[in-house]
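final22.tsv, holding TSV, C-alpha atoms and all ligand atoms:
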```tsv
chain	number	residue	atom	x	y	z
A	1	MET	CA	-52.18	-105.54	4.73
A	2	THR	CA	-50.24	-103.82	7.48
A	3	VAL	CA	-51.59	-100.97	9.62
A	4	LEU	CA	-49.26	-98.45	8.03
A	5	GLN	CA	-50.20	-99.47	4.50
A	6	ASP	CA	-53.90	-99.41	5.35
A	7	CYS	CA	-53.39	-95.88	6.62
A	8	ILE	CA	-51.45	-94.88	3.50
A	9	ASN	CA	-54.07	-96.46	1.21
A	10	LYS	CA	-56.85	-94.60	3.03
A	11	LYS	CA	-58.49	-97.89	3.99
A	12	SER	CA	-58.57	-96.90	7.63
A	13	ASN	CA	-57.05	-94.42	10.01
A	14	PRO	CA	-55.65	-96.56	12.81
A	15	ASN	CA	-53.59	-95.01	15.59
A	16	CYS	CA	-50.27	-96.15	14.22
A	17	ILE	CA	-46.82	-95.26	15.50
A	18	TRP	CA	-43.13	-95.80	14.87
A	19	LEU	CA	-40.26	-93.44	15.66
A	20	MET	CA	-37.23	-92.25	13.73
A	21	ARG	CA	-34.10	-93.59	15.49
A	22	GLN	CA	-36.31	-95.93	17.48
A	23	ALA	CA	-33.36	-98.33	17.57
A	24	GLY	CA	-30.47	-96.53	19.15
A	25	ARG	CA	-28.64	-94.92	21.98
A	26	TYR	CA	-31.54	-94.36	24.39
A	27	LEU	CA	-31.97	-98.15	24.74
A	28	PRO	CA	-29.72	-99.91	27.29
A	29	GLU	CA	-29.82	-103.09	25.18
A	30	PHE	CA	-28.46	-101.09	22.20
A	31	ARG	CA	-25.77	-99.45	24.32
A	32	LYS	CA	-24.62	-102.84	25.52
A	33	ILE	CA	-24.06	-104.03	21.95
A	34	ARG	CA	-22.56	-100.69	20.91
A	35	SER	CA	-20.02	-100.72	23.78
A	36	LYS	CA	-18.58	-103.95	22.36
A	37	ASN	CA	-18.70	-102.70	18.75
A	38	LEU	CA	-16.78	-99.46	18.59
A	39	ASN	CA	-16.72	-99.22	14.81
A	40	PHE	CA	-20.21	-98.00	13.89
A	41	ILE	CA	-19.98	-98.83	10.17
A	42	ASN	CA	-18.90	-102.40	11.01
A	43	LEU	CA	-21.84	-102.66	13.38
A	44	CYS	CA	-24.22	-101.60	10.60
A	45	LEU	CA	-22.58	-104.23	8.40
A	46	ASN	CA	-22.99	-107.00	10.97
A	47	GLU	CA	-26.16	-108.67	9.71
A	48	ARG	CA	-26.89	-110.61	12.91
A	49	LEU	CA	-26.47	-107.60	15.21
A	50	SER	CA	-28.15	-105.06	12.94
A	51	SER	CA	-31.17	-107.35	12.69
A	52	GLU	CA	-31.20	-107.81	16.47
A	53	ILE	CA	-30.97	-104.02	17.02
A	54	THR	CA	-33.77	-103.41	14.50
A	55	LEU	CA	-36.07	-105.63	16.54
A	56	GLN	CA	-35.14	-104.29	20.01
A	57	PRO	CA	-37.69	-101.43	20.02
A	58	LEU	CA	-40.43	-103.70	18.62
A	59	LYS	CA	-39.90	-106.20	21.43
A	60	ARG	CA	-40.07	-103.46	24.04
A	61	PHE	CA	-42.80	-101.17	22.74
A	62	GLY	CA	-44.69	-103.02	19.99
A	63	PHE	CA	-44.25	-100.29	17.39
A	64	ASP	CA	-46.26	-100.74	14.18
A	65	ALA	CA	-43.18	-100.82	11.95
A	66	ALA	CA	-39.47	-101.52	12.14
A	67	ILE	CA	-36.80	-99.47	10.37
A	68	ILE	CA	-33.69	-101.37	9.41
A	69	PHE	CA	-30.71	-100.46	11.60
A	70	SER	CA	-28.26	-98.92	9.17
A	71	ASP	CA	-27.14	-95.43	8.23
A	72	ILE	CA	-27.51	-93.09	5.28
A	73	LEU	CA	-23.70	-92.75	5.17
A	74	LEU	CA	-23.18	-96.38	4.20
A	75	VAL	CA	-23.65	-95.18	0.62
A	76	PRO	CA	-20.54	-92.92	0.59
A	77	HIS	CA	-18.76	-95.79	2.36
A	78	ALA	CA	-19.77	-98.19	-0.42
A	79	LEU	CA	-18.59	-95.61	-2.97
A	80	GLY	CA	-15.12	-95.82	-1.47
A	81	GLN	CA	-15.13	-92.66	0.63
A	82	ASN	CA	-13.90	-93.41	4.14
A	83	VAL	CA	-16.59	-92.86	6.80
A	84	LYS	CA	-15.83	-92.85	10.53
A	85	PHE	CA	-17.99	-91.90	13.48
A	86	LYS	CA	-16.21	-90.02	16.22
A	87	LYS	CA	-17.75	-90.10	19.67
A	88	ASN	CA	-19.58	-86.86	20.57
A	89	PHE	CA	-18.74	-85.39	17.17
A	90	GLY	CA	-20.51	-87.40	14.48
A	91	PRO	CA	-19.37	-88.53	11.08
A	92	ILE	CA	-15.97	-87.76	9.56
A	93	LEU	CA	-15.60	-88.53	5.87
A	94	GLY	CA	-12.33	-88.99	4.02
A	95	ASN	CA	-11.14	-87.58	0.73
A	96	LEU	CA	-13.48	-87.70	-2.21
A	97	ASN	CA	-12.05	-89.18	-5.39
A	98	ILE	CA	-14.50	-88.75	-8.26
A	99	ASP	CA	-12.37	-90.77	-10.69
A	100	GLU	CA	-12.37	-93.75	-8.33
A	101	ILE	CA	-16.13	-93.44	-7.83
A	102	HIS	CA	-16.64	-93.56	-11.60
A	103	LYS	CA	-14.92	-96.96	-11.63
A	104	ILE	CA	-17.34	-98.53	-9.14
A	105	ASN	CA	-19.94	-100.75	-10.74
A	106	GLY	CA	-23.30	-101.89	-9.40
A	107	ASP	CA	-22.07	-105.35	-8.47
A	108	ASP	CA	-19.21	-103.98	-6.33
A	109	PHE	CA	-21.65	-101.65	-4.59
A	110	THR	CA	-24.23	-104.36	-3.94
A	111	LYS	CA	-21.56	-106.72	-2.65
A	112	LYS	CA	-20.20	-104.14	-0.22
A	113	LEU	CA	-23.66	-103.50	1.24
A	114	SER	CA	-24.84	-107.12	1.10
A	115	PRO	CA	-24.88	-107.38	4.93
A	116	VAL	CA	-27.61	-104.70	4.98
A	117	TYR	CA	-29.68	-106.71	2.51
A	118	ASN	CA	-29.09	-109.93	4.43
A	119	ALA	CA	-30.12	-108.17	7.65
A	120	ILE	CA	-33.39	-107.14	5.98
A	121	LYS	CA	-34.03	-110.73	4.84
A	122	LYS	CA	-33.27	-112.05	8.31
A	123	THR	CA	-35.41	-109.45	10.09
A	124	LYS	CA	-38.38	-110.14	7.81
A	125	LEU	CA	-38.53	-113.70	9.13
A	126	SER	CA	-38.95	-112.67	12.78
A	127	ARG	CA	-42.26	-113.12	14.53
A	128	GLU	CA	-42.21	-109.48	15.77
A	129	LEU	CA	-42.65	-108.36	12.15
A	130	LYS	CA	-45.69	-110.44	11.37
A	131	ASN	CA	-48.16	-108.13	9.57
A	132	LYS	CA	-45.86	-105.16	10.11
A	133	ASP	CA	-43.77	-103.12	7.73
A	134	LEU	CA	-40.02	-103.18	7.53
A	135	ILE	CA	-38.93	-99.71	6.44
A	136	GLY	CA	-35.84	-99.45	4.28
A	137	PHE	CA	-34.29	-96.04	3.73
A	138	VAL	CA	-31.80	-93.83	1.95
A	139	GLY	CA	-30.57	-90.28	2.37
A	140	ALA	CA	-31.83	-87.96	-0.36
A	141	PRO	CA	-29.26	-87.23	-3.08
A	142	TRP	CA	-28.76	-83.66	-1.84
A	143	THR	CA	-28.17	-84.72	1.77
A	144	ILE	CA	-25.67	-87.41	0.74
A	145	LEU	CA	-23.91	-84.84	-1.46
A	146	VAL	CA	-23.65	-82.41	1.46
A	147	TYR	CA	-21.90	-85.02	3.62
A	148	MET	CA	-19.62	-86.17	0.80
A	149	LEU	CA	-18.46	-82.63	0.06
A	150	ASN	CA	-18.54	-81.17	3.57
A	151	LYS	CA	-17.02	-84.34	5.08
A	152	LYS	CA	-18.76	-83.75	8.39
A	153	SER	CA	-22.10	-82.66	9.73
A	154	PRO	CA	-23.04	-79.17	8.49
A	155	LYS	CA	-24.20	-78.67	12.09
A	156	LYS	CA	-20.52	-78.64	13.09
A	157	LYS	CA	-19.30	-76.45	10.30
A	158	CYS	CA	-20.35	-75.86	6.73
A	159	LEU	CA	-17.45	-75.16	4.43
A	160	LYS	CA	-18.18	-72.05	2.38
A	161	ASN	CA	-16.74	-73.16	-0.92
A	162	ILE	CA	-18.40	-76.49	-1.33
A	163	PHE	CA	-21.47	-75.20	-3.15
A	164	ARG	CA	-19.53	-73.14	-5.71
A	165	ASP	CA	-18.54	-75.86	-8.15
A	166	ASN	CA	-21.76	-76.51	-10.08
A	167	LYS	CA	-20.10	-78.95	-12.44
A	168	LEU	CA	-18.88	-81.10	-9.57
A	169	ILE	CA	-22.28	-80.94	-7.88
A	170	ASN	CA	-24.13	-81.97	-11.04
A	171	ASN	CA	-21.68	-84.75	-11.77
A	172	LEU	CA	-21.78	-86.09	-8.22
A	173	LEU	CA	-25.56	-85.84	-7.91
A	174	LYS	CA	-25.97	-88.04	-10.99
A	175	ILE	CA	-23.69	-90.74	-9.57
A	176	ILE	CA	-25.32	-90.56	-6.14
A	177	GLU	CA	-28.78	-90.84	-7.65
A	178	LYS	CA	-27.79	-93.91	-9.65
A	179	PHE	CA	-26.44	-95.75	-6.60
A	180	LEU	CA	-29.29	-94.66	-4.33
A	181	LYS	CA	-31.69	-96.25	-6.81
A	182	LEU	CA	-29.69	-99.46	-6.67
A	183	HIS	CA	-29.64	-99.32	-2.85
A	184	ILE	CA	-33.42	-98.83	-2.81
A	185	GLU	CA	-33.97	-101.66	-5.29
A	186	ASN	CA	-31.76	-104.03	-3.28
A	187	GLN	CA	-33.62	-103.21	-0.06
A	188	ILE	CA	-37.02	-103.79	-1.69
A	189	LYS	CA	-35.84	-107.08	-3.22
A	190	SER	CA	-34.67	-108.20	0.22
A	191	GLY	CA	-38.05	-107.47	1.80
A	192	ALA	CA	-38.33	-103.77	2.72
A	193	THR	CA	-42.02	-102.90	2.29
A	194	ILE	CA	-41.82	-99.08	2.58
A	195	ILE	CA	-38.93	-96.72	1.73
A	196	GLN	CA	-38.23	-93.51	3.64
A	197	ILE	CA	-36.07	-90.82	2.06
A	198	PHE	CA	-34.26	-88.69	4.67
A	199	ASP	CA	-33.48	-85.23	3.38
A	200	SER	CA	-31.97	-83.91	6.59
A	201	TRP	CA	-30.23	-80.98	4.92
A	202	ALA	CA	-32.94	-79.97	2.42
A	203	GLY	CA	-33.12	-76.66	4.31
A	204	LEU	CA	-29.48	-75.85	3.50
A	205	SER	CA	-30.15	-75.23	-0.15
A	206	ASN	CA	-32.05	-72.15	-1.19
A	207	GLY	CA	-32.93	-70.06	-4.19
A	208	ARG	CA	-33.04	-71.72	-7.59
A	209	ASP	CA	-30.68	-74.50	-6.59
A	210	TYR	CA	-33.41	-75.89	-4.37
A	211	GLU	CA	-35.45	-77.08	-7.37
A	212	LYS	CA	-32.46	-78.46	-9.18
A	213	TYR	CA	-30.56	-80.00	-6.30
A	214	VAL	CA	-33.28	-80.98	-3.83
A	215	LEU	CA	-36.64	-81.38	-5.57
A	216	GLU	CA	-35.65	-82.90	-8.92
A	217	PRO	CA	-33.24	-85.62	-7.73
A	218	THR	CA	-35.62	-86.60	-4.92
A	219	LYS	CA	-38.54	-86.72	-7.31
A	220	ASN	CA	-36.52	-89.09	-9.50
A	221	LEU	CA	-36.02	-91.40	-6.51
A	222	VAL	CA	-39.69	-91.19	-5.55
A	223	ASN	CA	-40.72	-92.17	-9.08
A	224	PHE	CA	-38.27	-95.04	-8.95
A	225	VAL	CA	-39.74	-96.36	-5.67
A	226	LYS	CA	-43.24	-96.00	-7.11
A	227	SER	CA	-42.22	-98.05	-10.15
A	228	LYS	CA	-41.46	-100.86	-7.67
A	229	ASN	CA	-45.02	-100.65	-6.28
A	230	THR	CA	-43.70	-99.63	-2.88
A	231	PRO	CA	-44.94	-96.67	-0.84
A	232	VAL	CA	-42.44	-93.90	-0.15
A	233	ILE	CA	-42.18	-91.48	2.77
A	234	CYS	CA	-40.22	-88.24	2.36
A	235	PHE	CA	-38.71	-86.38	5.30
A	236	PRO	CA	-37.33	-83.05	4.11
A	237	LYS	CA	-36.02	-81.24	7.17
A	238	GLY	CA	-35.95	-77.48	7.49
A	239	ILE	CA	-37.80	-76.50	4.30
A	240	SER	CA	-40.26	-73.61	4.27
A	241	ASP	CA	-42.89	-74.75	1.77
A	242	TYR	CA	-44.19	-78.27	2.33
A	243	LYS	CA	-47.08	-77.85	-0.09
A	244	LYS	CA	-44.78	-77.07	-2.98
A	245	TYR	CA	-42.53	-79.99	-2.00
A	246	VAL	CA	-45.50	-82.40	-1.94
A	247	ASP	CA	-46.91	-81.05	-5.21
A	248	ILE	CA	-43.63	-81.53	-7.04
A	249	VAL	CA	-42.03	-84.57	-5.39
A	250	SER	CA	-45.36	-86.34	-4.85
A	251	PRO	CA	-44.57	-89.06	-2.28
A	252	GLU	CA	-47.29	-91.20	-0.65
A	253	VAL	CA	-46.40	-89.82	2.80
A	254	ILE	CA	-44.80	-86.58	3.97
A	255	SER	CA	-42.97	-86.55	7.30
A	256	ILE	CA	-42.94	-83.13	8.98
A	257	ASP	CA	-40.33	-81.70	11.33
A	258	TYR	CA	-41.04	-80.03	14.67
A	259	ASP	CA	-40.67	-76.49	13.34
A	260	VAL	CA	-43.74	-76.87	11.15
A	261	ASN	CA	-47.16	-75.63	12.16
A	262	PRO	CA	-49.33	-78.80	12.10
A	263	GLU	CA	-52.59	-76.86	11.58
A	264	GLN	CA	-51.26	-75.32	8.41
A	265	ILE	CA	-50.09	-78.70	7.14
A	266	ALA	CA	-53.49	-80.26	7.89
A	267	LYS	CA	-55.18	-77.50	5.93
A	268	SER	CA	-52.90	-77.48	2.89
A	269	ILE	CA	-51.83	-81.11	2.35
A	270	ASP	CA	-53.97	-84.06	1.28
A	271	ILE	CA	-51.59	-87.01	1.33
A	272	THR	CA	-50.78	-89.10	4.45
A	273	ILE	CA	-48.87	-87.08	7.02
A	274	GLN	CA	-46.30	-88.43	9.45
A	275	GLY	CA	-44.52	-87.09	12.51
A	276	GLY	CA	-44.07	-83.60	13.91
A	277	LEU	CA	-43.77	-83.92	17.70
A	278	ASN	CA	-40.61	-82.33	19.08
A	279	PRO	CA	-38.43	-85.16	20.47
A	280	ASN	CA	-37.62	-82.84	23.40
A	281	PHE	CA	-41.09	-83.51	24.81
A	282	LEU	CA	-39.90	-87.02	25.63
A	283	LEU	CA	-37.37	-85.44	28.01
A	284	GLY	CA	-39.98	-83.49	30.02
A	285	SER	CA	-42.97	-84.40	32.20
A	286	LYS	CA	-45.66	-86.93	31.36
A	287	SER	CA	-48.42	-84.33	31.46
A	288	GLU	CA	-46.62	-82.03	29.03
A	289	LEU	CA	-45.99	-84.98	26.72
A	290	LYS	CA	-49.64	-85.98	26.91
A	291	ASN	CA	-50.88	-82.48	26.01
A	292	ASN	CA	-48.58	-82.24	23.03
A	293	VAL	CA	-49.30	-85.73	21.72
A	294	LYS	CA	-53.01	-84.93	21.95
A	295	LYS	CA	-52.42	-81.71	20.02
A	296	TYR	CA	-50.98	-83.60	17.02
A	297	LEU	CA	-53.61	-86.36	17.18
A	298	ASP	CA	-56.44	-83.79	17.37
A	299	VAL	CA	-55.12	-81.71	14.48
A	300	PHE	CA	-54.77	-84.78	12.25
A	301	LYS	CA	-57.90	-86.57	13.47
A	302	ASN	CA	-59.64	-86.37	10.10
A	303	LYS	CA	-56.53	-87.00	8.01
A	304	GLN	CA	-54.46	-90.09	7.28
A	305	TYR	CA	-51.79	-89.75	9.99
A	306	ILE	CA	-48.84	-91.88	11.14
A	307	PHE	CA	-47.59	-90.81	14.56
A	308	ASN	CA	-43.84	-90.12	14.70
A	309	LEU	CA	-41.48	-87.42	15.92
A	310	GLY	CA	-40.26	-84.30	14.12
A	311	HIS	CA	-36.73	-85.76	14.25
A	312	GLY	CA	-35.02	-88.81	15.80
A	313	VAL	CA	-35.35	-89.98	19.42
A	314	LEU	CA	-32.67	-88.21	21.50
A	315	PRO	CA	-29.99	-90.32	23.21
A	316	ASN	CA	-30.93	-89.10	26.72
A	317	THR	CA	-34.58	-90.19	26.39
A	318	ASP	CA	-35.97	-92.38	29.18
A	319	PRO	CA	-37.40	-95.57	27.58
A	320	ASN	CA	-40.33	-95.34	30.04
A	321	MET	CA	-41.40	-92.13	28.33
A	322	VAL	CA	-41.37	-93.89	24.94
A	323	GLU	CA	-43.54	-96.62	26.44
A	324	TYR	CA	-45.93	-93.97	27.75
A	325	LEU	CA	-46.00	-92.28	24.33
A	326	VAL	CA	-47.01	-95.53	22.59
A	327	GLU	CA	-49.76	-96.01	25.18
A	328	LEU	CA	-51.05	-92.47	24.59
A	329	VAL	CA	-51.22	-92.95	20.83
A	330	LYS	CA	-52.80	-96.41	21.01
A	331	ASN	CA	-55.46	-95.32	23.53
A	332	TYR	CA	-56.40	-92.10	21.74
A	333	LYS	CA	-60.03	-91.94	20.71
B	401	LIG	O1	-22.94	-93.37	18.28
B	401	LIG	C1	-23.82	-94.18	17.97
B	401	LIG	O2	-24.20	-95.10	18.71
B	401	LIG	C2	-24.41	-94.05	16.62
B	401	LIG	C3	-25.62	-93.20	16.56
B	401	LIG	C4	-26.34	-93.47	15.27
B	401	LIG	C5	-27.44	-94.32	15.07
B	401	LIG	C6	-28.19	-95.13	16.10
B	401	LIG	C7	-25.98	-92.96	14.01
B	401	LIG	C8	-24.83	-92.09	13.73
B	401	LIG	N1	-26.84	-93.46	13.05
B	401	LIG	C9	-27.74	-94.30	13.66
B	401	LIG	C10	-28.79	-95.09	13.00
B	401	LIG	C11	-29.59	-94.46	11.96
B	401	LIG	N2	-29.25	-93.35	11.21
B	401	LIG	C12	-30.83	-94.94	11.51
B	401	LIG	C13	-31.41	-96.23	11.99
B	401	LIG	C14	-32.80	-96.51	12.00
B	401	LIG	C15	-33.63	-95.76	13.02
B	401	LIG	O3	-33.79	-96.27	14.13
B	401	LIG	O4	-34.18	-94.70	12.68
B	401	LIG	C16	-31.27	-94.03	10.52
B	401	LIG	C17	-32.59	-94.04	9.77
B	401	LIG	C18	-30.27	-93.06	10.34
B	401	LIG	C19	-30.35	-92.01	9.34
B	401	LIG	C20	-29.37	-90.91	9.38
B	401	LIG	N3	-28.02	-90.96	9.61
B	401	LIG	C21	-29.67	-89.57	9.07
B	401	LIG	C22	-31.04	-89.08	8.64
B	401	LIG	C23	-31.89	-88.71	9.81
B	401	LIG	C24	-31.39	-87.55	10.61
B	401	LIG	O5	-30.93	-87.77	11.72
B	401	LIG	O6	-31.49	-86.41	10.12
B	401	LIG	C25	-28.51	-88.81	9.16
B	401	LIG	C26	-28.33	-87.32	8.93
B	401	LIG	C27	-27.45	-89.71	9.51
B	401	LIG	C28	-26.03	-89.39	9.69
B	401	LIG	C29	-25.55	-89.69	11.04
B	401	LIG	N4	-25.51	-90.95	11.56
B	401	LIG	C30	-25.06	-90.91	12.86
B	401	LIG	C31	-24.77	-89.55	13.17
B	401	LIG	C32	-24.25	-89.08	14.48
B	401	LIG	C33	-25.09	-88.80	12.03
B	401	LIG	C34	-24.87	-87.32	11.84
B	401	LIG	C35	-26.01	-86.43	12.12
B	401	LIG	C36	-25.53	-85.00	11.87
B	401	LIG	O7	-24.99	-84.74	10.79
B	401	LIG	O8	-25.64	-84.20	12.79
```

Turn this file's structure into structure tokens for me.
Amino acid sequence: MTVLQDCINKKSNPNCIWLMRQAGRYLPEFRKIRSKNLNFINLCLNERLSSEITLQPLKRFGFDAAIIFSDILLVPHALGQNVKFKKNFGPILGNLNIDEIHKINGDDFTKKLSPVYNAIKKTKLSRELKNKDLIGFVGAPWTILVYMLNKKSPKKKCLKNIFRDNKLINNLLKIIEKFLKLHIENQIKSGATIIQIFDSWAGLSNGRDYEKYVLEPTKNLVNFVKSKNTPVICFPKGISDYKKYVDIVSPEVISIDYDVNPEQIAKSIDITIQGGLNPNFLLGSKSELKNNVKKYLDVFKNKQYIFNLGHGVLPNTDPNMVEYLVELVKNYK
């Protein structure tokens, strides 16, 4: 068994660590590849390079797990919606054509994303991954829907009208859920040993829609992953009630964001907990980082805990600070 799975299965509570966006812009070796590959989607679909990028942070820091280098927006791409990444702006999605999406079958979808699955197969063979997990992932149905309808990050601007058409939302959520299941299944078949579901915009939905649009579709995915005997980690960002989320969605692991009070989580939640530390602490001093890392490790000392951040590593992070962070977690007693 791997350290992460031992932690999840309550066999032990090792000091384990991996980071969201551990492969990415803060690493000079990533930037070098990225500077020669200006089309981000094509880079994700380059099986040799995406496998190499996946392993970069493991070679440098010896993390306990790898996460496949890909993006949640490859799913809209595979559904025929144009996806581009503009420098210093983020994703820009093209027009959404529901009729065209209805025509896409599973084989077309799988074929379009086959480089992702081949990258997983290739990465699994590397010596860096011996006895370690390779995490596959998807965006949660709600988060994918938000991008497909809003066509850009809601951080930039959230169009007011997009949530009005309930029929469109229900119709689209069903299709998204179907293809996310296929994407999960393909990743597991290729060798992903854990699945993480990123619900980055869970906090955007409120009121009754939250149950219908966030909790239910995600629960369906979680049940699907469980039926494949694979552990699942959920990362719902910006929600107010983690206990309710865990009770209803019922993943093996819950990843918490940096706005959450860790003491309250430790008191109210019994499953394995992941993450929490504000990625901004990697931009400050070593002593401040040390104090805050210790805070999370102390709070979760008697729980099953996987160290991670409360969101992805920031692009302006010094890799030496990441190295120091791994050392702190590994040497914690
Ligand atoms: O410009 C660049 O070099 C690209 C930056 C980048 C990278 C490195 C993007 C663009 N995506 C990624 C990789 C990525 N994205 C991974 C790889 C594995 C890892 O190391 O963790 C993962 C898991 C994601 C997931 C992802 N993509 C999420 C969920 C997590 C989160 O950040 O909330 C989201 C929302 C996206 C969309 C996305 N991809 C990239 C950008 C700039 C965005 C938009 C974010 C936003 O809307 O503000």

### Query
Which protein, DNA or RNA residues have an atom within 7 Å of ligand LIG 401 (chain B), counting all atoms listed in the file, as a PyMOL selection string?
chain A and resi 19-25+34+40+67-73+85+87+90-91+137+139+152-155+198-200+311-312

Neighbour list for stretch 271-283 of chain A as a PDB file with C-alpha atoms, keeping the file's coordinate frame, cut-off 7 Å, all atoms listed in the file, skip fewer than 2 positions in-chain:
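Output file out.pdb follows:
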```pdb
ATOM      1  CA  ILE A   8     -51.450 -94.880   3.500  1.00  0.00           C
ATOM      2  CA  GLU A 252     -47.290 -91.200  -0.650  1.00  0.00           C
ATOM      3  CA  VAL A 253     -46.400 -89.820   2.800  1.00  0.00           C
ATOM      4  CA  ILE A 254     -44.800 -86.580   3.970  1.00  0.00           C
ATOM      5  CA  SER A 255     -42.970 -86.550   7.300  1.00  0.00           C
ATOM      6  CA  ILE A 256     -42.940 -83.130   8.980  1.00  0.00           C
ATOM      7  CA  ASP A 257     -40.330 -81.700  11.330  1.00  0.00           C
ATOM      8  CA  TYR A 258     -41.040 -80.030  14.670  1.00  0.00           C
ATOM      9  CA  ILE A 269     -51.830 -81.110   2.350  1.00  0.00           C
ATOM     10  CA  LEU A 289     -45.990 -84.980  26.720  1.00  0.00           C
ATOM     11  CA  GLN A 304     -54.460 -90.090   7.280  1.00  0.00           C
ATOM     12  CA  TYR A 305     -51.790 -89.750   9.990  1.00  0.00           C
ATOM     13  CA  ILE A 306     -48.840 -91.880  11.140  1.00  0.00           C
ATOM     14  CA  PHE A 307     -47.590 -90.810  14.560  1.00  0.00           C
ATOM     15  CA  ASN A 308     -43.840 -90.120  14.700  1.00  0.00           C
ATOM     16  CA  LEU A 309     -41.480 -87.420  15.920  1.00  0.00           C
ATOM     17  CA  GLY A 310     -40.260 -84.300  14.120  1.00  0.00           C
ATOM     18  CA  HIS A 311     -36.730 -85.760  14.250  1.00  0.00           C
ATOM     19  CA  GLY A 312     -35.020 -88.810  15.800  1.00  0.00           C
ATOM     20  CA  VAL A 313     -35.350 -89.980  19.420  1.00  0.00           C
ATOM     21  CA  LEU A 314     -32.670 -88.210  21.500  1.00  0.00           C
ATOM     22  CA  THR A 317     -34.580 -90.190  26.390  1.00  0.00           C
ATOM     23  CA  MET A 321     -41.400 -92.130  28.330  1.00  0.00           C
TER      24      MET A 321
END
```

Worksheet item: Could you name the residues that touch A:Tyr245 at 12 Å or less, counting all atoms listed in the file, but leaving out those on the same chain fewer than 2 positions away, as number ranges by chain?
Response: A: 199, 202-203, 210-211, 214-216, 218-219, 234-243, 247-251, 253-256, 265, 268-269, 271

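Computed from the coordinates, the atom CA of A:Asn39 to atom CA of A:Tyr147 distance equals 18.8 Å.
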
Give me, as JSON lines, each residue of stretch 175-286 of chain A that comes within 8 Å of stretch 106-125 of chain A, together with its shortest interatomic pair and the distance in Å at one decimal, counting all atoms listed in the file, with rows ordered by chain and rising residue number.
```
{"residue": "A:Phe179", "atom": "CA", "partner": "A:Gly106", "partner_atom": "CA", "distance": 7.4}
{"residue": "A:Leu182", "atom": "CA", "partner": "A:Gly106", "partner_atom": "CA", "distance": 7.4}
{"residue": "A:His183", "atom": "CA", "partner": "A:Thr110", "partner_atom": "CA", "distance": 7.5}
{"residue": "A:Asn186", "atom": "CA", "partner": "A:Tyr117", "partner_atom": "CA", "distance": 6.7}
{"residue": "A:Gln187", "atom": "CA", "partner": "A:Tyr117", "partner_atom": "CA", "distance": 5.9}
{"residue": "A:Ser190", "atom": "CA", "partner": "A:Lys121", "partner_atom": "CA", "distance": 5.3}
{"residue": "A:Gly191", "atom": "CA", "partner": "A:Lys121", "partner_atom": "CA", "distance": 6.0}
{"residue": "A:Ala192", "atom": "CA", "partner": "A:Ile120", "partner_atom": "CA", "distance": 6.8}
```

How would the residues just picked look written out with C-alpha atoms as an mmCIF file, in the coordinates of the input?
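The result, stored in out_38.cif:
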```
data_model
loop_
_atom_site.group_PDB
_atom_site.id
_atom_site.type_symbol
_atom_site.label_atom_id
_atom_site.label_comp_id
_atom_site.auth_asym_id
_atom_site.auth_seq_id
_atom_site.Cartn_x
_atom_site.Cartn_y
_atom_site.Cartn_z
ATOM 1 C CA PHE A 179 -26.440 -95.750 -6.600
ATOM 2 C CA LEU A 182 -29.690 -99.460 -6.670
ATOM 3 C CA HIS A 183 -29.640 -99.320 -2.850
ATOM 4 C CA ASN A 186 -31.760 -104.030 -3.280
ATOM 5 C CA GLN A 187 -33.620 -103.210 -0.060
ATOM 6 C CA SER A 190 -34.670 -108.200 0.220
ATOM 7 C CA GLY A 191 -38.050 -107.470 1.800
ATOM 8 C CA ALA A 192 -38.330 -103.770 2.720
#
```

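Coordinates place atom CA of A:Asp64 at a distance of 5.9 Å from atom CA of A:Trp18.
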
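Going from atom CA of A:Phe89 to atom CA of A:Cys158 covers 14.2 Å.
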
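Point (-18.3, -96.2, -4.4) has the following residues at most 6 Å away: Ala78, Leu79, Gly80, Ile101 and Ile104 of chain A (atoms considered: all atoms listed in the file).
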
Go ahead and write the residues just picked, C-alpha atoms, as a short mmCIF file (atom, residue, chain, number, x, y, z; two decimals), keeping the file's coordinate frame.
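The resulting file, result.cif, is shown below:
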```
data_model
loop_
_atom_site.label_atom_id
_atom_site.label_comp_id
_atom_site.auth_asym_id
_atom_site.auth_seq_id
_atom_site.Cartn_x
_atom_site.Cartn_y
_atom_site.Cartn_z
CA ALA A 78 -19.77 -98.19 -0.42
CA LEU A 79 -18.59 -95.61 -2.97
CA GLY A 80 -15.12 -95.82 -1.47
CA ILE A 101 -16.13 -93.44 -7.83
CA ILE A 104 -17.34 -98.53 -9.14
#
```

Shell around A:Lys160 at 12 Å using only C-alpha atoms, local window under 3 positions removed, as a PyMOL selection string: chain A and resi 146+149-150+154+157+163-165+204

Between A:Val3, A:Ile98, A:Leu134, A:Val83, smallest distance to A:Thr54 by only C-alpha atoms belongs to A:Leu134

Of A:Thr143, A:Thr193, A:Asn131, A:Asn302, the one sitting nearest A:Glu177 when using all atoms listed in the file is A:Thr143
